[in-house]
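Asker: Have a peek at protein.csv (CSV, C-alpha atoms and all ligand atoms).
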chain,number,residue,atom,x,y,z
A,30,MET,CA,13.0,-2.7,-19.8
A,31,GLN,CA,12.8,-4.7,-16.6
A,32,SER,CA,11.1,-3.1,-13.5
A,33,TYR,CA,11.6,-4.1,-9.9
A,34,VAL,CA,10.1,-1.0,-8.5
A,35,PHE,CA,6.4,-0.2,-8.0
A,36,PRO,CA,4.3,-1.3,-9.9
A,37,GLY,CA,7.0,-3.5,-11.6
A,38,ASN,CA,6.5,-5.5,-14.8
A,39,ILE,CA,2.8,-5.3,-15.7
A,40,ASP,CA,0.6,-7.9,-17.5
A,41,GLU,CA,0.5,-7.2,-21.2
A,42,SER,CA,-3.3,-7.3,-21.5
A,43,ILE,CA,-3.5,-4.6,-18.8
A,44,MET,CA,-0.9,-2.4,-20.6
A,45,GLN,CA,-2.9,-2.8,-23.8
A,46,ILE,CA,-5.9,-1.0,-22.3
A,47,GLY,CA,-3.8,2.1,-22.0
A,48,SER,CA,-3.4,2.3,-25.7
A,49,GLN,CA,-7.0,1.8,-26.7
A,50,PRO,CA,-9.8,4.4,-27.2
A,51,PHE,CA,-11.9,4.6,-24.0
A,52,MET,CA,-15.5,5.3,-23.1
A,53,TYR,CA,-17.2,8.5,-21.9
A,54,MET,CA,-17.4,8.3,-18.1
A,55,ARG,CA,-20.9,9.8,-17.6
A,56,THR,CA,-22.6,6.6,-18.7
A,57,CYS,CA,-24.4,3.7,-17.2
A,58,ALA,CA,-21.6,1.4,-18.6
A,59,PHE,CA,-18.9,3.3,-16.6
A,60,SER,CA,-21.1,3.3,-13.5
A,61,GLU,CA,-21.5,-0.5,-13.7
A,62,ILE,CA,-17.8,-1.0,-14.1
A,63,ASN,CA,-17.2,1.1,-10.9
A,64,LYS,CA,-19.8,-0.8,-8.9
A,65,GLU,CA,-18.3,-4.1,-10.0
A,66,SER,CA,-14.8,-2.8,-9.0
A,67,GLU,CA,-16.1,-1.8,-5.6
A,68,ARG,CA,-17.6,-5.3,-5.0
A,69,ILE,CA,-14.5,-7.1,-6.0
A,70,LEU,CA,-12.3,-4.8,-3.9
A,71,LEU,CA,-14.4,-5.4,-0.8
A,72,ASP,CA,-14.2,-9.2,-1.4
A,73,LEU,CA,-10.4,-9.1,-1.8
A,74,ILE,CA,-9.9,-7.3,1.5
A,75,HIS,CA,-12.8,-9.1,3.3
A,76,CYS,CA,-14.8,-6.1,4.3
A,77,THR,CA,-18.3,-7.4,4.5
A,78,GLY,CA,-21.0,-4.8,3.9
A,79,GLY,CA,-18.4,-2.1,3.6
A,80,ARG,CA,-18.0,0.8,1.2
A,81,THR,CA,-15.1,2.2,-0.9
A,82,ILE,CA,-14.0,5.5,-2.4
A,83,ILE,CA,-11.8,5.3,-5.4
A,84,TYR,CA,-9.9,8.5,-5.9
A,85,THR,CA,-8.0,9.8,-8.9
A,86,GLY,CA,-4.9,10.6,-7.0
A,87,SER,CA,-2.0,8.6,-5.5
A,88,GLY,CA,-2.0,6.8,-2.1
A,89,THR,CA,-0.9,9.9,-0.2
A,90,GLY,CA,-4.0,11.7,-1.5
A,91,ALA,CA,-6.2,9.1,0.1
A,92,MET,CA,-4.1,9.2,3.4
A,93,SER,CA,-4.7,13.0,3.4
A,94,ALA,CA,-8.4,12.4,2.8
A,95,VAL,CA,-8.5,10.2,5.9
A,96,VAL,CA,-6.9,12.8,8.1
A,97,GLU,CA,-9.1,15.7,6.7
A,98,ASN,CA,-12.4,13.9,6.9
A,99,TYR,CA,-11.9,11.4,9.8
A,100,CYS,CA,-9.0,12.1,12.1
A,101,SER,CA,-9.9,15.8,12.4
A,102,THR,CA,-13.1,14.7,14.2
A,103,LYS,CA,-11.0,13.0,16.9
A,104,LYS,CA,-9.3,14.6,19.9
A,105,LYS,CA,-6.0,12.7,19.6
A,106,ALA,CA,-4.3,10.5,17.0
A,107,PHE,CA,-1.5,7.9,17.7
A,108,VAL,CA,1.0,7.3,14.9
A,109,ILE,CA,3.4,4.4,14.4
A,110,ASP,CA,6.4,6.2,12.9
A,111,GLY,CA,8.6,3.3,11.6
A,112,GLY,CA,9.9,5.0,8.5
A,113,SER,CA,9.0,7.6,5.9
A,114,PHE,CA,5.4,6.4,5.3
A,115,GLY,CA,4.6,6.3,9.1
A,116,HIS,CA,6.1,9.7,9.4
A,117,ARG,CA,3.8,10.9,6.6
A,118,TRP,CA,0.8,10.1,8.8
A,119,PHE,CA,2.3,12.3,11.5
A,120,GLN,CA,3.0,15.1,9.1
A,121,LEU,CA,-0.6,15.0,7.8
A,122,CYS,CA,-1.9,15.3,11.4
A,123,GLU,CA,0.4,18.3,12.0
A,124,TYR,CA,-0.7,19.8,8.7
A,125,TYR,CA,-4.4,19.6,9.6
A,126,GLY,CA,-3.9,20.5,13.2
A,127,VAL,CA,-4.8,17.1,14.6
A,128,ALA,CA,-3.0,16.4,18.0
A,129,ALA,CA,-0.9,13.3,17.4
A,130,VAL,CA,1.5,11.1,19.3
A,131,ASP,CA,4.6,10.3,17.2
A,132,TYR,CA,5.5,6.8,18.3
A,133,LYS,CA,8.9,6.1,16.7
A,134,VAL,CA,10.1,2.6,15.8
A,135,PRO,CA,13.8,2.2,14.9
A,136,PHE,CA,14.8,1.5,11.3
A,137,ALA,CA,13.7,-1.9,10.1
A,138,ARG,CA,12.7,-3.0,13.6
A,139,ASP,CA,9.4,-4.5,14.8
A,140,ILE,CA,7.2,-2.7,17.3
A,141,ASP,CA,7.8,-3.4,21.0
A,142,TYR,CA,4.1,-4.3,21.5
A,143,ALA,CA,4.2,-4.4,25.3
A,144,ASP,CA,5.6,-0.8,25.3
A,145,LEU,CA,3.1,0.2,22.7
A,146,GLU,CA,0.2,-1.0,24.9
A,147,LYS,CA,1.6,0.9,27.9
A,148,THR,CA,2.0,4.1,25.8
A,149,VAL,CA,-1.5,3.8,24.3
A,150,ALA,CA,-3.0,3.2,27.8
A,151,ALA,CA,-1.2,6.4,29.0
A,152,GLU,CA,-2.0,8.6,26.0
A,153,ARG,CA,-5.6,7.5,25.4
A,154,PRO,CA,-5.8,8.4,21.7
A,155,GLU,CA,-9.1,8.2,19.8
A,156,VAL,CA,-7.6,7.1,16.4
A,157,PHE,CA,-4.6,4.9,15.6
A,158,LEU,CA,-2.7,5.3,12.3
A,159,CYS,CA,-0.2,2.8,11.1
A,160,GLN,CA,1.2,0.9,8.1
A,161,HIS,CA,0.8,-2.8,7.7
A,162,HIS,CA,4.1,-2.9,5.9
A,163,GLU,CA,6.5,0.1,6.3
A,164,THR,CA,7.7,0.0,2.7
A,165,SER,CA,10.7,2.3,3.2
A,166,THR,CA,12.4,-0.4,5.3
A,167,GLY,CA,10.5,-3.6,4.4
A,168,GLN,CA,9.3,-4.2,7.9
A,169,LEU,CA,5.9,-5.9,8.4
A,170,PHE,CA,3.9,-5.0,11.6
A,171,ASP,CA,1.7,-7.4,13.5
A,172,LEU,CA,-1.8,-6.1,12.8
A,173,LYS,CA,-3.4,-8.7,15.1
A,174,LYS,CA,-1.5,-7.4,18.1
A,175,ILE,CA,-2.2,-3.8,17.0
A,176,SER,CA,-5.9,-4.5,16.6
A,177,ASP,CA,-6.1,-6.2,20.0
A,178,ILE,CA,-4.5,-3.1,21.7
A,179,CYS,CA,-6.8,-0.8,19.8
A,180,HIS,CA,-9.9,-2.8,20.8
A,181,LYS,CA,-8.9,-3.1,24.4
A,182,TYR,CA,-8.5,0.7,24.7
A,183,ASN,CA,-11.4,1.6,22.3
A,184,VAL,CA,-9.2,3.3,19.7
A,185,SER,CA,-10.4,3.5,16.1
A,186,LEU,CA,-7.9,1.7,13.8
A,187,VAL,CA,-6.9,3.1,10.4
A,188,VAL,CA,-4.3,1.1,8.4
A,189,ASP,CA,-2.3,2.1,5.4
A,190,VAL,CA,-2.1,-1.2,3.5
A,191,ILE,CA,-0.8,0.4,0.3
A,192,SER,CA,2.1,-2.1,0.0
A,193,SER,CA,0.6,-5.1,1.7
A,194,PHE,CA,-2.8,-5.5,0.0
A,195,LEU,CA,-2.6,-8.6,-2.3
A,196,ALA,CA,0.9,-9.4,-1.0
A,197,GLU,CA,0.1,-10.3,2.6
A,198,GLU,CA,-2.9,-12.0,4.2
A,199,LEU,CA,-5.3,-9.3,5.3
A,200,SER,CA,-8.9,-9.3,6.5
A,201,MET,CA,-10.6,-6.2,7.6
A,202,ASP,CA,-13.4,-8.3,9.1
A,203,ASP,CA,-11.1,-10.4,11.2
A,204,LEU,CA,-9.1,-7.5,12.5
A,205,ASP,CA,-12.1,-5.2,12.8
A,206,ILE,CA,-10.3,-2.3,11.1
A,207,ASP,CA,-12.3,0.9,10.5
A,208,ILE,CA,-10.5,2.3,7.4
A,209,CYS,CA,-7.9,0.9,5.1
A,210,VAL,CA,-6.0,2.8,2.4
A,211,THR,CA,-4.4,1.3,-0.8
A,212,SER,CA,-3.3,2.5,-4.2
A,213,THR,CA,-3.0,1.0,-7.6
A,214,GLN,CA,0.7,0.9,-8.3
A,215,LYS,CA,1.6,-1.6,-5.6
A,216,GLY,CA,-0.1,-4.9,-5.0
A,217,LEU,CA,-2.7,-4.3,-7.7
A,218,ASN,CA,0.2,-4.1,-10.2
A,219,ILE,CA,-1.4,-1.5,-12.5
A,220,PRO,CA,0.0,2.0,-13.2
A,221,PRO,CA,0.0,4.7,-10.5
A,222,GLY,CA,-2.8,7.3,-10.3
A,223,LEU,CA,-5.7,5.8,-8.3
A,224,SER,CA,-6.1,5.2,-4.6
A,225,VAL,CA,-8.8,3.3,-2.7
A,226,LEU,CA,-10.3,3.8,0.7
A,227,PHE,CA,-12.2,0.9,2.4
A,228,PHE,CA,-14.7,1.7,5.1
A,229,ASN,CA,-16.0,-0.7,7.7
A,230,ARG,CA,-19.8,-0.7,7.7
A,231,LYS,CA,-19.7,0.6,11.3
A,232,LEU,CA,-18.9,4.0,9.8
A,233,ASP,CA,-22.1,4.1,7.7
A,234,ASP,CA,-23.6,6.8,9.7
A,235,TYR,CA,-20.5,8.6,10.9
A,236,GLU,CA,-20.4,12.4,10.7
A,237,PHE,CA,-17.3,13.1,8.8
A,238,ALA,CA,-15.6,16.5,8.7
A,239,HIS,CA,-15.4,18.7,5.6
A,240,LYS,CA,-11.9,20.1,5.4
A,241,GLY,CA,-10.9,19.5,1.9
A,242,TYR,CA,-13.1,20.1,-1.2
A,243,TYR,CA,-11.6,17.6,-3.6
A,244,TRP,CA,-11.3,14.7,-1.2
A,245,ASP,CA,-14.6,15.2,0.7
A,246,PHE,CA,-16.0,11.8,1.8
A,247,ASP,CA,-19.7,12.7,1.8
A,248,GLU,CA,-19.5,14.2,-1.7
A,249,ASN,CA,-17.6,11.2,-3.0
A,250,PHE,CA,-20.0,8.7,-1.3
A,251,SER,CA,-23.1,10.4,-2.7
A,252,ASN,CA,-21.7,10.1,-6.3
A,253,LEU,CA,-20.4,6.6,-5.9
A,254,ARG,CA,-23.8,5.4,-4.8
A,255,ARG,CA,-24.6,5.5,-8.6
A,256,GLY,CA,-21.1,4.4,-9.6
A,257,GLN,CA,-19.9,7.9,-10.5
A,258,THR,CA,-17.2,10.2,-9.3
A,259,PRO,CA,-17.7,13.9,-8.5
A,260,TYR,CA,-14.9,15.1,-10.8
A,261,SER,CA,-13.3,13.7,-14.0
A,262,PRO,CA,-11.9,10.3,-13.2
A,263,ALA,CA,-8.6,9.0,-14.8
A,264,THR,CA,-10.9,6.8,-17.0
A,265,ILE,CA,-8.2,4.6,-18.4
A,266,LEU,CA,-6.9,3.7,-15.0
A,267,TYR,CA,-10.4,2.9,-13.8
A,268,LEU,CA,-10.7,0.5,-16.7
A,269,GLN,CA,-7.3,-1.1,-16.0
A,270,LEU,CA,-8.3,-1.4,-12.3
A,271,ASN,CA,-11.5,-3.2,-13.3
A,272,ALA,CA,-9.7,-5.6,-15.7
A,273,ARG,CA,-7.1,-6.4,-13.0
A,274,LEU,CA,-9.7,-7.0,-10.4
A,275,LYS,CA,-11.6,-9.4,-12.8
A,276,GLN,CA,-8.3,-11.3,-13.3
A,277,LEU,CA,-8.0,-11.7,-9.5
A,278,GLN,CA,-11.6,-12.7,-9.2
A,279,SER,CA,-11.2,-15.4,-11.9
A,280,GLU,CA,-8.2,-16.7,-9.9
A,281,GLY,CA,-10.6,-17.3,-7.0
A,282,GLY,CA,-9.5,-14.2,-5.0
A,283,GLU,CA,-6.2,-12.9,-3.6
A,284,TRP,CA,-4.5,-16.2,-2.6
A,285,LYS,CA,-2.8,-17.1,-5.9
A,286,ASN,CA,-1.3,-13.7,-6.1
A,287,ILE,CA,-0.1,-13.8,-2.5
A,288,GLU,CA,1.4,-17.2,-3.1
A,289,GLU,CA,3.3,-15.9,-6.2
A,290,VAL,CA,4.6,-12.8,-4.4
A,291,ARG,CA,5.8,-15.0,-1.6
A,292,HIS,CA,7.6,-17.3,-3.9
A,293,ARG,CA,9.4,-14.5,-5.6
A,294,ALA,CA,10.5,-13.0,-2.3
A,295,PHE,CA,11.8,-16.3,-0.9
A,296,PHE,CA,13.6,-17.0,-4.1
A,297,PHE,CA,15.3,-13.6,-4.2
A,298,ARG,CA,16.3,-13.9,-0.5
A,299,GLU,CA,18.1,-17.1,-1.3
A,300,LEU,CA,20.1,-15.1,-3.9
A,301,CYS,CA,20.8,-12.4,-1.2
A,302,LYS,CA,22.3,-15.1,1.0
A,303,LYS,CA,24.4,-16.3,-1.9
A,304,TYR,CA,25.9,-12.8,-2.5
A,305,GLY,CA,26.2,-12.1,1.2
A,306,TRP,CA,23.6,-9.3,1.3
A,307,ASP,CA,21.9,-8.7,4.7
A,308,VAL,CA,18.1,-8.3,4.8
A,309,PRO,CA,17.8,-6.1,7.9
A,310,ALA,CA,14.0,-6.1,8.4
A,311,GLU,CA,13.2,-8.0,11.7
A,312,THR,CA,10.0,-9.5,10.1
A,313,PRO,CA,10.3,-8.7,6.4
A,314,SER,CA,7.1,-8.4,4.3
A,315,VAL,CA,7.2,-10.5,1.1
A,316,ALA,CA,6.1,-7.4,-0.9
A,317,VAL,CA,9.7,-6.1,-1.2
A,318,THR,CA,13.2,-7.3,-0.2
A,319,GLY,CA,15.3,-4.5,1.3
A,320,PHE,CA,18.9,-5.6,1.3
A,321,GLN,CA,22.3,-4.2,2.1
A,322,THR,CA,24.9,-4.5,-0.6
A,323,ASN,CA,28.6,-3.5,-0.5
A,324,ASP,CA,27.9,-0.4,-2.7
A,325,THR,CA,29.1,2.5,-0.7
A,326,ALA,CA,29.3,5.0,-3.5
A,327,GLU,CA,26.2,7.1,-4.1
A,328,ARG,CA,23.7,4.8,-6.1
A,329,LYS,CA,26.3,3.0,-8.1
A,330,VAL,CA,24.2,-0.2,-8.4
A,331,PHE,CA,21.1,1.9,-9.1
A,332,ASN,CA,22.7,3.9,-11.9
A,333,GLY,CA,24.6,1.0,-13.4
A,334,LEU,CA,21.5,-1.1,-13.8
A,335,ILE,CA,19.7,1.7,-15.6
A,336,GLU,CA,22.6,2.6,-17.9
A,337,LYS,CA,23.7,-0.9,-18.9
A,338,TYR,CA,20.6,-3.0,-18.6
A,339,ASP,CA,17.6,-0.6,-18.7
A,340,THR,CA,16.6,-2.1,-15.3
A,341,PHE,CA,15.1,-0.3,-12.3
A,342,ILE,CA,15.4,-1.2,-8.6
A,343,MET,CA,14.6,1.2,-5.7
A,344,PRO,CA,17.4,3.0,-3.8
A,345,GLY,CA,16.9,3.2,0.0
A,346,SER,CA,17.6,5.8,2.6
A,347,VAL,CA,21.0,4.2,3.6
A,348,PRO,CA,24.0,4.0,1.2
A,349,GLY,CA,24.1,0.5,-0.4
A,350,PHE,CA,20.6,-0.4,0.8
A,351,TYR,CA,18.4,-1.2,-2.1
A,352,ARG,CA,14.8,-2.6,-2.5
A,353,VAL,CA,13.4,-5.0,-5.0
A,354,SER,CA,9.7,-5.2,-5.3
A,355,HIS,CA,8.0,-8.6,-5.7
A,356,MET,CA,4.6,-7.2,-6.7
A,357,GLY,CA,5.3,-7.1,-10.4
A,358,LEU,CA,5.6,-10.0,-12.8
A,359,GLN,CA,9.1,-11.7,-12.5
A,360,THR,CA,10.4,-15.2,-13.1
A,361,ASP,CA,13.0,-17.1,-11.1
A,362,ASP,CA,15.4,-16.7,-14.1
A,363,GLU,CA,14.9,-13.0,-14.2
A,364,LEU,CA,15.6,-12.7,-10.5
A,365,ARG,CA,18.7,-14.8,-10.9
A,366,VAL,CA,19.9,-12.5,-13.7
A,367,LEU,CA,19.0,-9.4,-11.7
A,368,ALA,CA,21.0,-10.5,-8.6
A,369,SER,CA,24.1,-11.2,-10.7
A,370,ARG,CA,23.8,-7.8,-12.3
A,371,ILE,CA,23.5,-6.1,-8.9
A,372,HIS,CA,26.6,-8.0,-7.8
A,373,GLU,CA,28.4,-6.8,-10.9
A,374,PHE,CA,28.1,-3.1,-9.9
A,375,GLU,CA,28.4,-3.4,-6.1
A,376,PHE,CA,32.2,-3.0,-5.8
A,401,LIG,C1,3.8,3.9,-1.8
A,401,LIG,C2,3.3,4.1,-0.4
A,401,LIG,C3,2.6,5.3,0.0
A,401,LIG,C4,2.5,6.5,-0.9
A,401,LIG,O1,1.8,6.3,-2.0
A,401,LIG,P1,1.8,7.3,-3.2
A,401,LIG,O2,1.0,6.5,-4.1
A,401,LIG,O3,3.3,7.4,-3.7
A,401,LIG,O4,1.3,8.6,-2.8
A,401,LIG,C5,2.1,5.4,1.3
A,401,LIG,N1,2.3,4.4,2.1
A,401,LIG,C6,2.9,3.2,1.8
A,401,LIG,C7,3.1,2.2,2.8
A,401,LIG,C8,3.5,3.1,0.5
A,401,LIG,O5,4.1,1.9,0.2
For this file, produce the structure as structure tokens.
Ligand SMILES: *Cc1c(COP(=O)(O)O)cnc(C)c1O
Answerer:
Amino acid sequence: MQSYVFPGNIDESIMQIGSQPFMYMRTCAFSEINKESERILLDLIHCTGGRTIIYTGSGTGAMSAVVENYCSTKKKAFVIDGGSFGHRWFQLCEYYGVAAVDYKVPFARDIDYADLEKTVAAERPEVFLCQHHETSTGQLFDLKKISDICHKYNVSLVVDVISSFLAEELSMDDLDIDICVTSTQKGLNIPPGLSVLFFNRKLDDYEFAHKGYYWDFDENFSNLRRGQTPYSPATILYLQLNARLKQLQSEGGEWKNIEEVRHRAFFFRELCKKYGWDVPAETPSVAVTGFQTNDTAERKVFNGLIEKYDTFIMPGSVPGFYRVSHMGLQTDDELRVLASRIHEFEF
């Protein structure tokens, strides 16, 4: 099998952990593993003195937790709605009754930052919700510009970095972000099932709301202080996360990984040029390449790759628009073969 979706092809030593017996979680050994994971995670995202919550639950669970516990303490939210993940922030606000401005950005376009500033100045929101990388289109937003606007108008900044963490340069300290959200099946390149929230130390004494029992911040923080989770963790995934984080640490941090992801993206985009596939994102993230093929039939390339080659890529919202993730392990040769196989099915 070849996988170019999320998480993509996973390192063999990480996969092995999933087939081994695993420890009981109510032990000092498990607590130590979690505390170590927290320390490495905070280093990788440059969140000095911050805290994390690691949830058993996918990325959307952690997004929901942010809206329940944090946004619901604010009078008004402002959402960058540049695709299905941005829209999810807006839907979560609606669901929990948080007043929100739905700021729409056209498919695969960058934000008009001058217009954004005007709108923020007029709306005066208290919390700003966006994606770093809108994965549904491949568009990367400029967090420096967003952060400057938020600080100028005193708006708390929350960023979904689920598909940019470990693929794009990112520093919570430099951007002064209050909360970041990520999950395990994207940049971390381990199986789906865990999500991580990163908290700026400014929020140490914040009075969070209590609107959802399972995701409650205070309950999670009080358990995590001793490296534990309030409810049964997906133990195997926590062990895979820890092993992956130690790999990254031994590589000296996130840079080697970011460099590799970037190389794969640039290499694949050369192949897109060769086959005449347009990459519509205005400023594409290196995490995925979203490209327009000539496949106008319903998922012909997608199904053909599975049936003939046991290979997965991601279909997009537009016919013939596909996405290849660069977060998983992939060599130049594998990408060359992949592109020729996509081409084989596109007409
Ligand atoms: C994948 C993704 C999500 C959703 O995560 P799940 O783990 O599927 O719940 C949210 N935001 C972005 C930007 C993503 O790429």
Asker: Tell me, in Å to one decimal, how far CA of Leu70 (chain A) is from CA of Asp202 (chain A).
Answerer: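 Value for the CA of Leu70 (chain A)-CA of Asp202 (chain A) distance: 13.5 Å.
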Asker: What residues have any atom no more than 10 Å from ligand LIG 401 (chain A) when counting all atoms listed in the file, and can you list them as a PyMOL selection string?
Answerer: chain A and resi 35-36+86-93+112-118+159-167+188-193+210-216+221-224+316-317
Asker: I want to know what sits within 12 Å of region 149-152 of chain A, based on only C-alpha atoms, with residues of the same chain fewer than 2 positions away left out; could you give that as a ChimeraX atom specification?
Answerer: /A:104-109,128-132,142-147,154-157,175,177-184
Asker: What would the file look like if the residues just selected were written as a JSON list (two decimals), keeping the file's coordinate frame with C-alpha atoms?
Answerer:
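Saved to selection.json:
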[["chain", "number", "residue", "atom", "x", "y", "z"],
["A", 104, "LYS", "CA", -9.30, 14.60, 19.90],
["A", 105, "LYS", "CA", -6.00, 12.70, 19.60],
["A", 106, "ALA", "CA", -4.30, 10.50, 17.00],
["A", 107, "PHE", "CA", -1.50, 7.90, 17.70],
["A", 108, "VAL", "CA", 1.00, 7.30, 14.90],
["A", 109, "ILE", "CA", 3.40, 4.40, 14.40],
["A", 128, "ALA", "CA", -3.00, 16.40, 18.00],
["A", 129, "ALA", "CA", -0.90, 13.30, 17.40],
["A", 130, "VAL", "CA", 1.50, 11.10, 19.30],
["A", 131, "ASP", "CA", 4.60, 10.30, 17.20],
["A", 132, "TYR", "CA", 5.50, 6.80, 18.30],
["A", 142, "TYR", "CA", 4.10, -4.30, 21.50],
["A", 143, "ALA", "CA", 4.20, -4.40, 25.30],
["A", 144, "ASP", "CA", 5.60, -0.80, 25.30],
["A", 145, "LEU", "CA", 3.10, 0.20, 22.70],
["A", 146, "GLU", "CA", 0.20, -1.00, 24.90],
["A", 147, "LYS", "CA", 1.60, 0.90, 27.90],
["A", 154, "PRO", "CA", -5.80, 8.40, 21.70],
["A", 155, "GLU", "CA", -9.10, 8.20, 19.80],
["A", 156, "VAL", "CA", -7.60, 7.10, 16.40],
["A", 157, "PHE", "CA", -4.60, 4.90, 15.60],
["A", 175, "ILE", "CA", -2.20, -3.80, 17.00],
["A", 177, "ASP", "CA", -6.10, -6.20, 20.00],
["A", 178, "ILE", "CA", -4.50, -3.10, 21.70],
["A", 179, "CYS", "CA", -6.80, -0.80, 19.80],
["A", 180, "HIS", "CA", -9.90, -2.80, 20.80],
["A", 181, "LYS", "CA", -8.90, -3.10, 24.40],
["A", 182, "TYR", "CA", -8.50, 0.70, 24.70],
["A", 183, "ASN", "CA", -11.40, 1.60, 22.30],
["A", 184, "VAL", "CA", -9.20, 3.30, 19.70]]
Asker: Would you be able to write out as a PyMOL selection string which residues have an atom within 10 Å of (6.4, -15.6, -4.6) in the file's coordinates, counting all atoms listed in the file?
Answerer: chain A and resi 196+285-297+315-316+355-356+358-361
Asker: So which one's closest to Phe331 (chain A), A:His75, A:Arg55, A:Arg365, A:His372? Using only C-alpha atoms, please.
Answerer: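 Among A:His75, A:Arg55, A:Arg365, A:His372, it is A:His372 that comes nearest to Phe331 (chain A).
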Asker: Neighbourhood query: residues within 8 Å of (25.8, -3.0, -2.9), file coordinates, counting all atoms listed in the file; return as a tab-separated table (two decimals) with C-alpha atoms, in the frame of the given file.
Answerer:
chain	number	residue	atom	x	y	z
A	306	TRP	CA	23.60	-9.30	1.30
A	321	GLN	CA	22.30	-4.20	2.10
A	322	THR	CA	24.90	-4.50	-0.60
A	323	ASN	CA	28.60	-3.50	-0.50
A	324	ASP	CA	27.90	-0.40	-2.70
A	325	THR	CA	29.10	2.50	-0.70
A	329	LYS	CA	26.30	3.00	-8.10
A	330	VAL	CA	24.20	-0.20	-8.40
A	349	GLY	CA	24.10	0.50	-0.40
A	350	PHE	CA	20.60	-0.40	0.80
A	351	TYR	CA	18.40	-1.20	-2.10
A	371	ILE	CA	23.50	-6.10	-8.90
A	372	HIS	CA	26.60	-8.00	-7.80
A	374	PHE	CA	28.10	-3.10	-9.90
A	375	GLU	CA	28.40	-3.40	-6.10
A	376	PHE	CA	32.20	-3.00	-5.80
